[in-house]
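Chemist: File input13.pdb below, PDB, C-alpha atoms, pLDDT in the B column:
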```pdb
ATOM      1  CA  MET A  12    -146.187 -18.413-142.202  1.00 48.00           C
ATOM      2  CA  VAL A  13    -145.668 -16.391-139.033  1.00 50.00           C
ATOM      3  CA  THR A  14    -143.935 -13.015-139.071  1.00 53.00           C
ATOM      4  CA  THR A  15    -143.285 -10.516-136.328  1.00 52.00           C
ATOM      5  CA  ASN A  16    -144.111  -6.837-136.306  1.00 49.00           C
ATOM      6  CA  GLY A  17    -141.869  -4.121-134.863  1.00 53.00           C
ATOM      7  CA  ASN A  18    -143.184  -4.775-131.354  1.00 55.00           C
ATOM      8  CA  GLY A  19    -142.181  -8.428-131.413  1.00 56.00           C
ATOM      9  CA  ALA A  20    -145.777  -9.661-131.682  1.00 64.00           C
ATOM     10  CA  SER A  21    -146.277 -12.441-134.160  1.00 78.00           C
ATOM     11  CA  ILE A  22    -148.687 -12.030-137.047  1.00 83.00           C
ATOM     12  CA  LYS A  23    -149.834 -15.067-138.946  1.00 86.00           C
ATOM     13  CA  ARG A  24    -149.885 -14.574-142.720  1.00 86.00           C
ATOM     14  CA  TYR A  25    -152.527 -16.297-144.820  1.00 86.00           C
ATOM     15  CA  MET A  26    -152.324 -16.646-148.573  1.00 84.00           C
ATOM     16  CA  GLY A  27    -155.574 -16.555-150.532  1.00 83.00           C
ATOM     17  CA  ILE A  28    -155.174 -20.038-151.946  1.00 80.00           C
ATOM     18  CA  SER A  29    -154.547 -21.537-148.508  1.00 79.00           C
ATOM     19  CA  ILE A  30    -157.765 -20.004-147.157  1.00 79.00           C
ATOM     20  CA  ILE A  31    -159.755 -21.730-149.908  1.00 75.00           C
ATOM     21  CA  HIS A  32    -158.364 -25.163-149.086  1.00 80.00           C
ATOM     22  CA  ARG A  33    -158.717 -24.988-145.310  1.00 84.00           C
ATOM     23  CA  LYS A  34    -161.617 -26.938-143.870  1.00 88.00           C
ATOM     24  CA  LEU A  35    -162.859 -24.490-141.259  1.00 88.00           C
ATOM     25  CA  ASP A  36    -166.241 -24.472-139.574  1.00 90.00           C
ATOM     26  CA  LYS A  37    -168.184 -21.209-139.121  1.00 92.00           C
ATOM     27  CA  ARG A  38    -166.779 -20.656-135.647  1.00 94.00           C
ATOM     28  CA  GLN A  39    -163.196 -20.979-136.902  1.00 92.00           C
ATOM     29  CA  ARG A  40    -163.894 -18.744-139.917  1.00 88.00           C
ATOM     30  CA  ALA A  41    -165.381 -16.105-137.583  1.00 92.00           C
ATOM     31  CA  CYS A  42    -162.262 -16.173-135.367  1.00 93.00           C
ATOM     32  CA  LEU A  43    -159.985 -15.919-138.400  1.00 91.00           C
ATOM     33  CA  ALA A  44    -162.074 -13.007-139.716  1.00 90.00           C
ATOM     34  CA  ALA A  45    -161.783 -11.301-136.302  1.00 94.00           C
ATOM     35  CA  ASP A  46    -157.988 -11.754-136.331  1.00 92.00           C
ATOM     36  CA  LEU A  47    -157.834 -10.295-139.846  1.00 91.00           C
ATOM     37  CA  ALA A  48    -160.059  -7.330-138.878  1.00 93.00           C
ATOM     38  CA  ASP A  49    -158.012  -6.645-135.722  1.00 94.00           C
ATOM     39  CA  GLY A  50    -154.673  -6.826-137.557  1.00 92.00           C
ATOM     40  CA  LEU A  51    -153.601  -9.973-135.708  1.00 94.00           C
ATOM     41  CA  ALA A  52    -153.385 -11.861-138.997  1.00 92.00           C
ATOM     42  CA  ASP A  53    -152.363 -10.751-142.481  1.00 92.00           C
ATOM     43  CA  TYR A  54    -154.152 -11.921-145.598  1.00 90.00           C
ATOM     44  CA  GLN A  55    -152.896 -11.812-149.177  1.00 92.00           C
ATOM     45  CA  PRO A  56    -155.793 -12.612-151.512  1.00 92.00           C
ATOM     46  CA  THR A  57    -155.445 -14.174-154.941  1.00 91.00           C
ATOM     47  CA  ALA A  58    -156.117 -11.867-157.904  1.00 93.00           C
ATOM     48  CA  SER A  59    -159.491 -13.553-158.332  1.00 93.00           C
ATOM     49  CA  GLN A  60    -160.421 -12.976-154.674  1.00 92.00           C
ATOM     50  CA  ALA A  61    -159.286  -9.339-154.822  1.00 93.00           C
ATOM     51  CA  ALA A  62    -161.319  -8.802-158.002  1.00 95.00           C
ATOM     52  CA  MET A  63    -164.409 -10.287-156.369  1.00 94.00           C
ATOM     53  CA  LEU A  64    -163.912  -8.146-153.249  1.00 92.00           C
ATOM     54  CA  MET A  65    -163.583  -4.947-155.294  1.00 94.00           C
ATOM     55  CA  ASP A  66    -166.329  -5.910-157.790  1.00 95.00           C
ATOM     56  CA  VAL A  67    -164.140  -5.776-160.905  1.00 93.00           C
ATOM     57  CA  SER A  68    -163.151  -8.393-163.429  1.00 92.00           C
ATOM     58  CA  VAL A  69    -159.985 -10.441-163.135  1.00 93.00           C
ATOM     59  CA  ALA A  70    -158.985  -8.983-166.525  1.00 89.00           C
ATOM     60  CA  TYR A  71    -159.132  -5.439-165.068  1.00 87.00           C
ATOM     61  CA  VAL A  72    -156.934  -6.542-162.175  1.00 92.00           C
ATOM     62  CA  ALA A  73    -154.461  -8.104-164.640  1.00 91.00           C
ATOM     63  CA  HIS A  74    -154.302  -4.866-166.635  1.00 87.00           C
ATOM     64  CA  ALA A  75    -153.952  -2.752-163.489  1.00 90.00           C
ATOM     65  CA  ARG A  76    -151.042  -4.935-162.356  1.00 92.00           C
ATOM     66  CA  ARG A  77    -149.205  -3.946-165.553  1.00 88.00           C
ATOM     67  CA  LEU A  78    -149.354  -0.258-164.581  1.00 89.00           C
ATOM     68  CA  SER A  79    -146.423   1.256-162.745  1.00 91.00           C
ATOM     69  CA  PRO A  80    -146.765   1.777-158.990  1.00 94.00           C
ATOM     70  CA  LEU A  81    -146.717   5.545-159.592  1.00 95.00           C
ATOM     71  CA  ARG A  82    -149.563   5.323-162.106  1.00 90.00           C
ATOM     72  CA  ARG A  83    -151.590   3.153-159.725  1.00 92.00           C
ATOM     73  CA  ALA A  84    -151.015   5.639-156.890  1.00 94.00           C
ATOM     74  CA  ALA A  85    -152.070   8.538-159.117  1.00 94.00           C
ATOM     75  CA  ILE A  86    -155.260   6.727-160.108  1.00 91.00           C
ATOM     76  CA  LEU A  87    -156.041   5.813-156.489  1.00 92.00           C
ATOM     77  CA  SER A  88    -155.488   9.385-155.278  1.00 94.00           C
ATOM     78  CA  GLY A  89    -157.639  10.823-158.073  1.00 92.00           C
ATOM     79  CA  ALA A  90    -154.739  12.755-159.624  1.00 94.00           C
ATOM     80  CA  ASP A  91    -154.925  10.642-162.804  1.00 90.00           C
ATOM     81  CA  GLN A  92    -158.405  10.850-164.335  1.00 88.00           C
ATOM     82  CA  THR A  93    -157.603   8.743-167.401  1.00 84.00           C
ATOM     83  CA  ARG A  94    -160.472   6.377-168.127  1.00 81.00           C
ATOM     84  CA  PHE A  95    -159.549   2.782-167.479  1.00 76.00           C
ATOM     85  CA  THR A  96    -160.785   1.696-170.908  1.00 76.00           C
ATOM     86  CA  THR A  97    -158.311   4.142-172.476  1.00 79.00           C
ATOM     87  CA  LEU A  98    -155.528   2.553-170.448  1.00 70.00           C
ATOM     88  CA  LEU A  99    -156.677  -0.929-171.473  1.00 70.00           C
ATOM     89  CA  PHE A 100    -156.620  -0.056-175.163  1.00 71.00           C
ATOM     90  CA  ALA A 101    -153.177   1.536-174.794  1.00 68.00           C
ATOM     91  CA  LEU A 102    -151.853  -1.623-173.127  1.00 61.00           C
ATOM     92  CA  ARG A 103    -153.343  -3.783-175.877  1.00 64.00           C
ATOM     93  CA  ARG A 104    -151.737  -1.657-178.602  1.00 66.00           C
ATOM     94  CA  LEU A 105    -148.359  -2.072-176.914  1.00 62.00           C
ATOM     95  CA  ALA A 106    -148.802  -5.833-176.716  1.00 60.00           C
ATOM     96  CA  LEU A 107    -149.863  -6.363-180.328  1.00 59.00           C
ATOM     97  CA  PRO A 108    -147.142  -7.124-182.911  1.00 64.00           C
ATOM     98  CA  ALA A 109    -146.744  -4.771-185.854  1.00 62.00           C
ATOM     99  CA  PRO A 110    -148.734  -5.842-188.920  1.00 65.00           C
ATOM    100  CA  ALA A 111    -146.811  -7.461-191.749  1.00 68.00           C
ATOM    101  CA  PRO A 112    -146.394  -5.322-194.886  1.00 67.00           C
ATOM    102  CA  ALA A 113    -149.115  -6.023-197.460  1.00 67.00           C
ATOM    103  CA  GLY A 114    -147.057  -5.971-200.660  1.00 62.00           C
ATOM    104  CA  ARG A 115    -143.334  -6.575-200.807  1.00 56.00           C
ATOM    105  CA  ASP A 116    -142.371  -5.110-204.195  1.00 54.00           C
ATOM    106  CA  ASP A 117    -138.900  -4.249-202.920  1.00 53.00           C
ATOM    107  CA  VAL A 118    -137.966  -7.881-202.297  1.00 51.00           C
ATOM    108  CA  GLN A 119    -136.018  -9.504-205.091  1.00 55.00           C
ATOM    109  CA  THR A 120    -136.256 -13.209-205.585  1.00 53.00           C
ATOM    110  CA  GLU A 121    -133.489 -15.357-206.973  1.00 54.00           C
ATOM    111  CA  HIS A 122    -134.189 -17.436-210.022  1.00 55.00           C
ATOM    112  CA  HIS A 123    -132.016 -20.508-210.473  1.00 55.00           C
ATOM    113  CA  SER A 124    -131.644 -22.003-213.905  1.00 51.00           C
TER     114      SER A 124
END
```
Output the file's structure in the form of structure tokens.
Modeler:
Amino acid sequence: MVTTNGNGASIKRYMGISIIHRKLDKRQRACLAADLADGLADYQPTASQAAMLMDVSVAYVAHARRLSPLRRAAILSGADQTRFTTLLFALRRLALPAPAPAGRDDVQTEHHS
């Protein structure tokens, strides 16, 4: 996909999955990397590629994607010091269904004769 910036220059956009499937030699990969580094091309990595780049698990990326943009910004700026494991456990508690009641003494059953 090719998009244009505000100056009318075209910027080629690469999706992470398309990069994986391209058969490029080292010379071509070096030129693509140069375009990416110089801002002449835009690259949107897959979650797996982004996790590998940032040295975190894909599961952490998945949990971070569930946070609001404001919460992510606060964490990135250092304003939110909440440990990530605390956030993960909070997200898991929200996702789990409520346990079923153990004994149901208040339920009356019908007996048919």
Chemist: What lies within 10 Å of region 46-50 of chain A using all atoms listed in the file, ignoring chain neighbours under 6 positions off, as a list in words?
Modeler: Ile22, Lys23, Arg24, Tyr25 and Arg40 of chain A
Chemist: Output C-alpha atoms for every residue in the selection just made, as a short mmCIF file (atom, residue, chain, number, x, y, z; two decimals), keeping the file's coordinate frame.
Modeler:
```cif
data_model
loop_
_atom_site.label_atom_id
_atom_site.label_comp_id
_atom_site.auth_asym_id
_atom_site.auth_seq_id
_atom_site.Cartn_x
_atom_site.Cartn_y
_atom_site.Cartn_z
CA ILE A 22 -148.69 -12.03 -137.05
CA LYS A 23 -149.83 -15.07 -138.95
CA ARG A 24 -149.88 -14.57 -142.72
CA TYR A 25 -152.53 -16.30 -144.82
CA ARG A 40 -163.89 -18.74 -139.92
#
```
Chemist: Give me the result of the PyMOL selection byres ((chain A and resi 60) around 12) on this file, residue by residue, as JSON, numbers by chain.
Modeler: {"A": [26, 27, 28, 30, 31, 54, 55, 56, 57, 58, 59, 61, 62, 63, 64, 65, 66, 67, 68, 69, 72]}
Chemist: Please, what distance in Å, to one decimal, runs between CA of Ala73 (chain A) and CA of Thr96 (chain A)?
Modeler: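 About the pair CA of Ala73 (chain A) and CA of Thr96 (chain A): they are 13.2 Å apart.
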Chemist: Could you work out how far CA of Arg82 (chain A) lies from CA of Thr97 (chain A), giving the answer in Å with one decimal?
Modeler: 13.6 Å
Chemist: Just the number, please: distance in Å from CA of Ala44 (chain A) to CA of Leu87 (chain A), one decimal.
Modeler: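 One can read the CA of Ala44 (chain A) to CA of Leu87 (chain A) distance as 25.9 Å.
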Chemist: Show me, as a list in words, the residues that have an atom within 10 Å of Phe95 (chain A) when counting only C-alpha atoms, minus same-chain residues fewer than 6 positions from it.
Modeler: Tyr71, His74, Ala75, Ile86 and Ala101 of chain A
Chemist: Edge lengths and centre in Å to one decimal, as AutoDock Vina command-line options, is what I'm after for the box along x, y and z that holds all listed atoms of region 84-95 of chain A once 6 Å is added on each side.
Modeler:
```
--center_x -155.7 --center_y 7.8 --center_z -161.7 --size_x 21.5 --size_y 22.0 --size_z 24.8
```
